[in-house]
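Undergrad: Handing over input.cif, mmCIF, C-alpha atoms; chains and numbers go by the auth columns.
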```
data_structure
loop_
_atom_site.group_PDB
_atom_site.id
_atom_site.type_symbol
_atom_site.label_atom_id
_atom_site.label_comp_id
_atom_site.label_asym_id
_atom_site.label_seq_id
_atom_site.Cartn_x
_atom_site.Cartn_y
_atom_site.Cartn_z
_atom_site.B_iso_or_equiv
_atom_site.auth_seq_id
_atom_site.auth_asym_id
ATOM 1 C CA MET A 1 0.000 0.000 0.000 0.00 6 A
ATOM 2 C CA ASP A 2 1.395 3.382 -0.973 0.00 7 A
ATOM 3 C CA PHE A 3 0.711 6.277 1.375 0.00 8 A
ATOM 4 C CA GLY A 4 2.412 8.951 -0.688 0.00 9 A
ATOM 5 C CA ALA A 5 5.198 11.207 0.508 0.00 10 A
ATOM 6 C CA ALA A 6 5.259 13.939 3.120 0.00 11 A
ATOM 7 C CA PRO A 7 5.038 17.499 1.756 0.00 12 A
ATOM 8 C CA ALA A 8 8.555 18.285 3.063 0.00 13 A
ATOM 9 C CA ILE A 9 9.974 15.387 1.054 0.00 14 A
ATOM 10 C CA LEU A 10 8.098 16.425 -2.087 0.00 15 A
ATOM 11 C CA ASP A 11 9.375 19.998 -1.666 0.00 16 A
ATOM 12 C CA ALA A 12 12.961 18.798 -1.203 0.00 17 A
ATOM 13 C CA LEU A 13 12.741 16.599 -4.316 0.00 18 A
ATOM 14 C CA ALA A 14 11.246 19.451 -6.321 0.00 19 A
ATOM 15 C CA GLY A 15 14.102 21.715 -5.211 0.00 20 A
ATOM 16 C CA LEU A 16 16.723 19.147 -6.183 0.00 21 A
ATOM 17 C CA SER A 17 15.032 18.654 -9.550 0.00 22 A
ATOM 18 C CA ALA A 18 14.859 22.389 -10.178 0.00 23 A
ATOM 19 C CA ASP A 19 18.611 22.642 -9.494 0.00 24 A
ATOM 20 C CA ALA A 20 19.306 19.525 -11.648 0.00 25 A
ATOM 21 C CA ASN A 21 21.063 18.128 -8.584 0.00 26 A
ATOM 22 C CA PHE A 22 21.090 14.416 -9.461 0.00 27 A
ATOM 23 C CA GLY A 23 24.721 13.518 -8.800 0.00 28 A
ATOM 24 C CA TYR A 24 26.850 13.406 -5.705 0.00 29 A
ATOM 25 C CA LEU A 25 25.644 15.021 -2.518 0.00 30 A
ATOM 26 C CA PRO A 26 26.970 18.607 -2.447 0.00 31 A
ATOM 27 C CA PRO A 27 29.221 19.440 0.532 0.00 32 A
ATOM 28 C CA HIS A 28 26.695 21.814 2.124 0.00 33 A
ATOM 29 C CA LEU A 29 24.019 19.091 2.076 0.00 34 A
ATOM 30 C CA ALA A 30 26.484 16.496 3.375 0.00 35 A
ATOM 31 C CA ASP A 31 27.231 18.843 6.285 0.00 36 A
ATOM 32 C CA GLU A 32 23.495 19.300 6.965 0.00 37 A
ATOM 33 C CA LEU A 33 22.998 15.525 6.827 0.00 38 A
ATOM 34 C CA ALA A 34 25.831 14.943 9.308 0.00 39 A
ATOM 35 C CA ALA A 35 24.481 17.612 11.675 0.00 40 A
ATOM 36 C CA ALA A 36 20.964 16.148 11.483 0.00 41 A
ATOM 37 C CA CYS A 37 22.317 12.644 12.121 0.00 42 A
ATOM 38 C CA ALA A 38 24.323 13.823 15.156 0.00 43 A
ATOM 39 C CA GLU A 39 21.262 15.666 16.463 0.00 44 A
ATOM 40 C CA PHE A 40 19.128 12.529 16.050 0.00 45 A
ATOM 41 C CA GLN A 41 21.726 10.387 17.854 0.00 46 A
ATOM 42 C CA LYS A 42 21.791 12.901 20.729 0.00 47 A
ATOM 43 C CA ARG A 43 18.006 13.069 20.967 0.00 48 A
ATOM 44 C CA ARG A 44 17.354 9.334 20.592 0.00 49 A
ATOM 45 C CA TYR A 45 20.362 7.746 22.322 0.00 50 A
ATOM 46 C CA GLY A 46 22.016 10.531 24.330 0.00 51 A
ATOM 47 C CA TRP A 47 25.212 10.206 22.247 0.00 52 A
ATOM 48 C CA ASP A 48 27.461 13.226 21.722 0.00 53 A
ATOM 49 C CA THR A 49 28.676 12.570 18.186 0.00 54 A
ATOM 50 C CA ASP A 50 30.876 15.033 16.335 0.00 55 A
ATOM 51 C CA PRO A 51 29.184 15.667 12.965 0.00 56 A
ATOM 52 C CA ALA A 52 32.664 15.718 11.377 0.00 57 A
ATOM 53 C CA LEU A 53 32.881 11.971 12.124 0.00 58 A
ATOM 54 C CA ILE A 54 29.649 11.195 10.237 0.00 59 A
ATOM 55 C CA HIS A 55 29.968 10.405 6.536 0.00 60 A
ATOM 56 C CA ASN A 56 27.252 9.610 4.041 0.00 61 A
ATOM 57 C CA VAL A 57 27.470 6.521 1.843 0.00 62 A
ATOM 58 C CA PRO A 58 25.677 5.928 -1.462 0.00 63 A
ATOM 59 C CA ASP A 59 24.164 2.562 -0.562 0.00 64 A
ATOM 60 C CA VAL A 60 24.158 -0.381 1.840 0.00 65 A
ATOM 61 C CA LEU A 61 26.799 -2.354 -0.061 0.00 66 A
ATOM 62 C CA LYS A 62 29.260 0.529 0.186 0.00 67 A
ATOM 63 C CA ALA A 63 28.566 0.752 3.928 0.00 68 A
ATOM 64 C CA LEU A 64 29.259 -2.986 4.249 0.00 69 A
ATOM 65 C CA GLU A 65 32.491 -2.627 2.271 0.00 70 A
ATOM 66 C CA ILE A 66 33.653 0.183 4.559 0.00 71 A
ATOM 67 C CA ALA A 67 32.732 -1.776 7.709 0.00 72 A
ATOM 68 C CA ILE A 68 34.459 -4.969 6.516 0.00 73 A
ATOM 69 C CA THR A 69 37.574 -3.062 5.473 0.00 74 A
ATOM 70 C CA ARG A 70 37.712 -1.088 8.727 0.00 75 A
ATOM 71 C CA PHE A 71 36.978 -3.868 11.205 0.00 76 A
ATOM 72 C CA SER A 72 38.778 -6.923 9.778 0.00 77 A
ATOM 73 C CA SER A 73 42.270 -7.900 8.733 0.00 78 A
ATOM 74 C CA PRO A 74 43.386 -7.962 5.087 0.00 79 A
ATOM 75 C CA GLY A 75 43.691 -11.473 3.697 0.00 80 A
ATOM 76 C CA SER A 76 41.344 -13.135 6.167 0.00 81 A
ATOM 77 C CA PRO A 77 38.554 -15.285 4.730 0.00 82 A
ATOM 78 C CA GLY A 78 35.268 -13.558 4.068 0.00 83 A
ATOM 79 C CA HIS A 79 31.741 -14.312 5.088 0.00 84 A
ATOM 80 C CA PRO A 80 30.061 -16.593 2.508 0.00 85 A
ATOM 81 C CA ALA A 81 27.083 -14.257 2.095 0.00 86 A
ATOM 82 C CA HIS A 82 29.401 -11.463 0.971 0.00 87 A
ATOM 83 C CA ALA A 83 31.786 -13.568 -1.113 0.00 88 A
ATOM 84 C CA ARG A 84 29.459 -13.252 -4.111 0.00 89 A
ATOM 85 C CA LEU A 85 29.656 -9.459 -3.949 0.00 90 A
ATOM 86 C CA HIS A 86 32.724 -8.567 -5.988 0.00 91 A
ATOM 87 C CA ALA A 87 32.729 -4.961 -4.768 0.00 92 A
ATOM 88 C CA VAL A 88 32.965 -6.038 -1.126 0.00 93 A
ATOM 89 C CA PRO A 89 36.428 -7.080 0.081 0.00 94 A
ATOM 90 C CA VAL A 90 36.731 -10.582 1.515 0.00 95 A
ATOM 91 C CA ARG A 91 37.613 -10.547 5.208 0.00 96 A
ATOM 92 C CA ALA A 92 37.241 -12.523 8.440 0.00 97 A
ATOM 93 C CA ARG A 93 33.982 -14.207 9.324 0.00 98 A
ATOM 94 C CA LEU A 94 32.537 -12.976 12.603 0.00 99 A
ATOM 95 C CA ARG A 95 30.918 -15.667 14.720 0.00 100 A
ATOM 96 C CA ARG A 96 28.379 -15.190 17.444 0.00 101 A
ATOM 97 C CA PRO A 97 26.294 -17.747 19.304 0.00 102 A
ATOM 98 C CA ARG A 98 22.849 -18.339 17.855 0.00 103 A
ATOM 99 C CA HIS A 99 19.840 -17.588 19.998 0.00 104 A
ATOM 100 C CA HIS A 100 16.894 -19.915 19.597 0.00 105 A
ATOM 101 C CA PRO A 101 13.349 -18.954 20.660 0.00 106 A
ATOM 102 C CA GLY A 102 12.638 -20.164 24.146 0.00 107 A
ATOM 103 C CA GLN A 103 16.307 -20.160 25.191 0.00 108 A
ATOM 104 C CA ASP A 104 17.784 -17.756 27.694 0.00 109 A
ATOM 105 C CA ALA A 105 19.331 -14.934 25.619 0.00 110 A
ATOM 106 C CA ARG A 106 22.379 -14.530 27.894 0.00 111 A
#
```
Rewrite the coordinates I just gave you, this time as structure tokens.
TA:
Amino acid sequence: MDFGAAPAILDALAGLSADANFGYLPPHLADELAAACAEFQKRRYGWDTDPALIHNVPDVLKALEIAITRFSSPGSPGHPAHARLHAVPVRARLRRPRHHPGQDAR
């Protein structure tokens, strides 16, 4: 079911279209995005995040690539689910215990 878009979103899209702004996020909008994200994190979680540490990414796969590259060692084997994604570097598989319904989650 489609509920349409909020007027603020429609206005923002119309403004971007009017400016023919279809490429990379301009620096001033990236700064606004980072500030809004930091403000949300403060309001929702109580985190004091420096907006300069917040960076936008174009899609989920790029975010996964950055996370894998940042938090694993080069040359370590990759997770099978990501091995098919040629753009995502292959790195160490992270293991965690499985939780089954009805079991104590500790």
Undergrad: Residue by residue, what does the PyMOL selection byres ((chain A and resi 31-36) around 10) grab here? Present the result as a PyMOL selection string.
TA: chain A and resi 26+28-30+37-42+56-57+59-61
Undergrad: Go ahead and compute the interatomic distance for CA of Ile73 (chain A) and CA of Glu44 (chain A), in Å to one decimal.
TA: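 Rounded to one decimal, the two atoms are 26.4 Å apart.
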Undergrad: Enter the distance from CA of Asp53 (chain A) to CA of Ala68 (chain A), in Å, rounded to one decimal.
TA: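 A separation of 21.8 Å between them.
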Undergrad: Between CA of Trp52 (chain A) and CA of Thr74 (chain A), measure the distance and give it in Å to one decimal.
TA: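 We find that CA of Trp52 (chain A) and CA of Thr74 (chain A) lie 24.7 Å from each other.
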